Amino acid sequence: MSLDSERPQEFRSEGERVHELAGGYQGDTLPQVETMQGSEDEQARLVELGLQAGAEPVPRTQWQLFRRRFFHHRMAILSLLLLGILIVLCFGARWIAPYPKNDQNLLAIDLPPSAQHWMGTDDLGRDEFTEILYAGQTSLRIGLTVGLLSTILGTAAGAVAGYFGRWQDQFLMRLTDLFLIIPQLVILAIAIQRFGGTAVVVSLVLAAVFWMATARVVRAQVLSIREKEFVEAARASGASSKRIIIRHILPNIIGPVVVAATLAVAAAIVTESSLSFLGFGVQPPQTSWGNMLTTAEQQVGTPQAYLMYFPGMMIFITVIAVNFLGDGLRDAFDPQSKD
Amino acid sequence: MVAFLIRRLGYSVLVLLVASIITFVGVRETFNPLAKYAFSKDRTAVARAKHSLGLDKPLMVQYGTFIGKFVRGDWGTSSRTGDSVSSMIGPAMLNTLQIIVPGILISLFLAILLGIYSAVKQYSVGDYAFTGLSFLGISMPPFWFGLMAIEFLAIKPKEWFGTSNTPLDFIGLHTPGHTGVFNGDYWQHLLLPVLTLTIQSIAEWSRYQRASMLDVMSLDYVRTATAKGVPRRSVILKHGFRNALIPLVSVVAIDIGALFGGLVITEQIFSIPGMGKVFVDALNAGDAQVLVVWLLVTAFFVILFNLIADLAYGILDPRVRLA
């Protein structure tokens with residue numbers, strides 16, 4: 001059944017990577033031979049690869065290679081910065097926000113964005129920018145918690161299933177099959193209805209569903225790595241299964257795991273807001289970007305439509321940044337990608 | 001082939017059965033159908049309702065009764081409206097299919113087209129543009145997109161151009177008084193909901209199509225075809241495209257479930273009385289019977305799509321032996 005087949009996790013294909021390894025040359029023209037004595041950059045690269053006579057290759061640790069590649073991914077760096085700023089703004093809202101939380105000012109209701117109120121005010125005269133920052137605390141906290149929890153759970157389950165095979169594997173695969181046939185949003189809505197719509201419950205419920213995607217990715221990776229010679233060598237020298245998994249396998253799949261974590265963070269933020277939008281997510285008086293958007297939904301087509309622009313834009317920006325960060329990390333962890 | 005089909009069907013039925021047990025128990029545990037009798041002055045009301053609803057029997061017996069009736073087509077009655085559940089689900093499903101079927105077809109068409117274009121013209125301006133757009137599409141919260149689409153494709157244009165009506169309608173599937181599907185009114189009602197439902201899948205699927213197309217185009221037999229003088233066009237379409245379609249099929253099958261989830265949001269935004277609305281109403285009212293049936297019917301459709309995808313896989317790729 002196709003439910004068994006893995007989704008390709010990466011958008012970039014092998015073919016594309018081969019192209020990049022070949023110096024990104026395109027089409028039918030072969031790379032020019034002149035480049036062998038080309039610019040200084042090219043020289044440095046050749047030295048590095050140890051391709052030039054007498055040149056010593058520069059030794060680099062994995063971590064140095066990772067950093068080098070990551071810092072070359074401009075969008076990822078930008079996204080990291082943006083996310084940092086967002087986190088500081090939201091969690092520092094007590095000191096940064098221009099107005100106190102929930103500060104109603106009936107003399108300043110429904111004001112469009114201006115210098116005093118960057119994002120305008122709502123029908124109770126609350127400053128939208130302030131409310132957005134406070135709501136961001138909930139949304140970001142849910143995103144990060146779900147990312148962390150589902151990654152830990154998913155990695156553990158995926159590693160066990162992939163390494164041991166047998167019934168552990170069967171159990172994981174059948175369980176995920178089951179959850180794939182019911183729309184996630186629906187399971188989540190029912191579970192949250194059952195346990196109450198606080199940020200903590202929403203995080204836990206989301207993590208309880210999201211770990212399965214990570215587990216599938218990890219399982220597929222472990223399946224290929226456990227057949228490698230170095231794992232066999234470790235087993236032959238008497239290492240326990242626990243040691244093999246933790247010391248030999250997990251460090252080798254850190255890339256896909258981190259990428260899966262970023263995907264989970266992005267998915268958690270969007271899903272939470274979708275649930276809130278339907279009225280099944282975080283319940284007032286707790287605010288999140290999702291339920292702010294719900295409140296503003298009626299403003300479609302009215303002069304107060306700006307109330308609807310901003311919460312959605314915050315979600316959109318955050319998710320884009322998280323996705324770019326994931327993209328950058330994927331490239332940086334990939335030993336085959338060029339420096 | 002026949003053996004494969006039988007085994008797959010058997011497995012699907014099993015999955016559906018297990019799913020039905022879990023949803024039945026889960027929903028029963030979540031919603032108390034006796035809640036509305038809790039404040040009744042009639043002290044025997046709770047006990048009587050319990051007996052008449054069969055709630056005094058063990059849970060597994062209740063499940064047996066439920067599933068027995070379910071497969072025979074008796075889907076019970078809604079505790080909210082008192083209507084029979086099948087009379088609610090039927091028309092709702094019909095409305096939903098009108099969104100989801102064009103949605104899947106359009107997404108597939110566009111995703112394949114964009115994917116092939118991006119792969120064939122890798123690193124061109126168009127490729128970079130579509131890569132950027134797909135990144136935006138994947139990150140877009142679907143309901144926000146829906147709201148913004150209403151704002152900027154329907155309401156604002158009316159102000160800008162000073163027309164008396166919005167250029168696109170965004171409430172329901174028909175203007176009151178209109179029926180039928182072969183008229184402009186129906187199609188322009190369909191446009192925004194389908195767009196909202198498909199934006200994410202177009203973005204995501206086109207990326208898969210691009211990746212798998214690139215993989216295929218770098219294979220030896222494609223080079224051979226080019227080398228022996230097969231025109232570029234048929235190399236792309238006959239050698240590349242047909243084989244690059246295979247991975248997409250399984251991705252699409254898995255995403256069908258997610259599409260049903262997205263439908264809940266889309267129908268809410270555009271006030272379409274489909275399955276999504278049935279679900280939201282039932283969940284708000286704690287209508288357990290409707291919820292269980294809803295979940296089973298959706299699960300059935302998802303499994304059906306998966307089965308079709310499996311068969312398509314076997315037809316597209318002769319290397320996959322269906323045994």
# chains A, B, ... in the order shown; residues from 1 in each chain; ligands from 1
$ select_by_dssp --residues "segment 84-278 of chain B" --states "alpha helix (DSSP H)" --output "PyMOL selection string"
chain B and resi 85-120+125-139+142-149+156-161+184-217+220-227+232-234+242-269+275-278
$ interface_residues --of "chain B" --to "chain A" --cutoff "6 Å" --atoms "only C-alpha atoms" --output "list in words"
Thr30, Ser139, Met140, Pro141, Trp144, Glu151, Ile155, Arg207, Ala211, Leu214, Asp215, Ser218, Ser250, Gly257, Ala258, Gly261, Ala299, Val302 and Asp310 of chain B
$ atom_distance --atom1 "atom CA of Gly328 of chain A" --atom2 "atom CA of Ile253 of chain A"
16.0 Å
$ residues_around --residues "segment 156-169 of chain B" --least-positions-apart "4" --cutoff "9 Å" --atoms "only C-alpha atoms" --output "PyMOL selection string"
(chain A and resi 301) or (chain B and resi 150-152+173-175+185+188-192)
$ write_last_selection --atoms "N, CA and C atoms" --output "short mmCIF file (atom, residue, chain, number, x, y, z; two decimals), in the first residue's frame"
data_model
loop_
_atom_site.label_atom_id
_atom_site.label_comp_id
_atom_site.auth_asym_id
_atom_site.auth_seq_id
_atom_site.Cartn_x
_atom_site.Cartn_y
_atom_site.Cartn_z
N GLY A 301 -13.64 42.98 4.10
CA GLY A 301 -14.37 43.95 3.30
C GLY A 301 -14.80 45.20 4.05
N ILE B 150 -10.76 36.62 -0.66
CA ILE B 150 -12.06 37.29 -0.66
C ILE B 150 -11.86 38.80 -0.68
N GLU B 151 -10.93 39.25 0.18
CA GLU B 151 -10.70 40.68 0.32
C GLU B 151 -10.19 41.30 -0.99
N PHE B 152 -9.18 40.65 -1.60
CA PHE B 152 -8.50 41.30 -2.71
C PHE B 152 -8.94 40.82 -4.10
N LEU B 173 -22.35 27.76 -3.21
CA LEU B 173 -22.02 27.28 -4.55
C LEU B 173 -22.89 27.91 -5.63
N HIS B 174 -24.02 28.49 -5.22
CA HIS B 174 -24.91 29.12 -6.18
C HIS B 174 -25.41 30.43 -5.62
N THR B 175 -25.70 31.37 -6.49
CA THR B 175 -26.47 32.53 -6.06
C THR B 175 -27.88 32.04 -5.81
N ASP B 185 -22.48 31.22 -13.31
CA ASP B 185 -22.69 31.51 -11.91
C ASP B 185 -22.04 30.45 -11.03
N GLN B 188 -18.04 30.49 -11.31
CA GLN B 188 -17.33 31.56 -10.61
C GLN B 188 -17.49 31.45 -9.09
N HIS B 189 -18.54 30.76 -8.63
CA HIS B 189 -18.62 30.47 -7.20
C HIS B 189 -17.52 29.49 -6.79
N LEU B 190 -17.19 28.61 -7.72
CA LEU B 190 -16.25 27.54 -7.42
C LEU B 190 -14.81 28.04 -7.33
N LEU B 191 -14.54 29.15 -8.03
CA LEU B 191 -13.16 29.56 -8.24
C LEU B 191 -12.37 29.79 -6.95
N LEU B 192 -12.88 30.65 -6.07
CA LEU B 192 -12.12 30.99 -4.87
C LEU B 192 -11.96 29.79 -3.92
#
$ atom_distance --atom1 "atom CA of Gly10 of chain B" --atom2 "atom CA of Phe305 of chain B"
15.4 Å
$ residues_around --residues "segment 230-243 of chain B" --least-positions-apart "2" --cutoff "8 Å" --atoms "only C-alpha atoms" --output "CSV table (one decimal) with C-alpha atoms, in the first residue's frame"
chain,number,residue,atom,x,y,z
B,116,ILE,CA,8.2,19.6,-15.6
B,120,VAL,CA,13.6,21.0,-17.9
B,213,MET,CA,11.7,14.8,-13.1
B,216,VAL,CA,14.7,10.8,-14.3
B,217,MET,CA,16.2,13.2,-16.7
B,222,VAL,CA,17.1,9.4,-21.2
B,225,ALA,CA,17.2,8.5,-26.2
B,226,THR,CA,18.7,12.0,-26.7
B,227,ALA,CA,21.9,10.5,-28.2
B,228,LYS,CA,20.0,8.4,-30.8
B,245,LEU,CA,4.9,10.7,-12.5
B,246,ILE,CA,5.4,7.6,-10.4
B,316,LEU,CA,2.7,3.2,-14.4
B,317,ASP,CA,5.7,1.3,-13.3
$ closest_residue --among "B:Ser201, B:Ser206, B:Thr65, B:Ser107" --to "Thr131 of chain B" --atoms "only C-alpha atoms"
B:Ser206
$ residues_around --residues "segment 222-224 of chain A" --least-positions-apart "5" --cutoff "7 Å" --atoms "only C-alpha atoms" --output "PyMOL selection string"
chain A and resi 159+162-163+249
$ write_last_selection --atoms "N, CA and C atoms" --output "PDB file, in the first residue's frame"
ATOM      1  N   ALA A 159      13.908   5.306  15.654  1.00  0.00           N
ATOM      2  CA  ALA A 159      15.174   4.598  15.800  1.00  0.00           C
ATOM      3  C   ALA A 159      14.931   3.162  16.261  1.00  0.00           C
ATOM      4  N   GLY A 162      13.259   1.213  13.347  1.00  0.00           N
ATOM      5  CA  GLY A 162      14.169   0.968  12.238  1.00  0.00           C
ATOM      6  C   GLY A 162      15.282   0.016  12.622  1.00  0.00           C
ATOM      7  N   TYR A 163      15.786   0.132  13.856  1.00  0.00           N
ATOM      8  CA  TYR A 163      16.930  -0.673  14.250  1.00  0.00           C
ATOM      9  C   TYR A 163      16.528  -2.120  14.523  1.00  0.00           C
ATOM     10  N   ILE A 249      24.482   5.562  15.280  1.00  0.00           N
ATOM     11  CA  ILE A 249      23.457   5.825  14.267  1.00  0.00           C
ATOM     12  C   ILE A 249      22.923   7.251  14.358  1.00  0.00           C
TER      13      ILE A 249
END
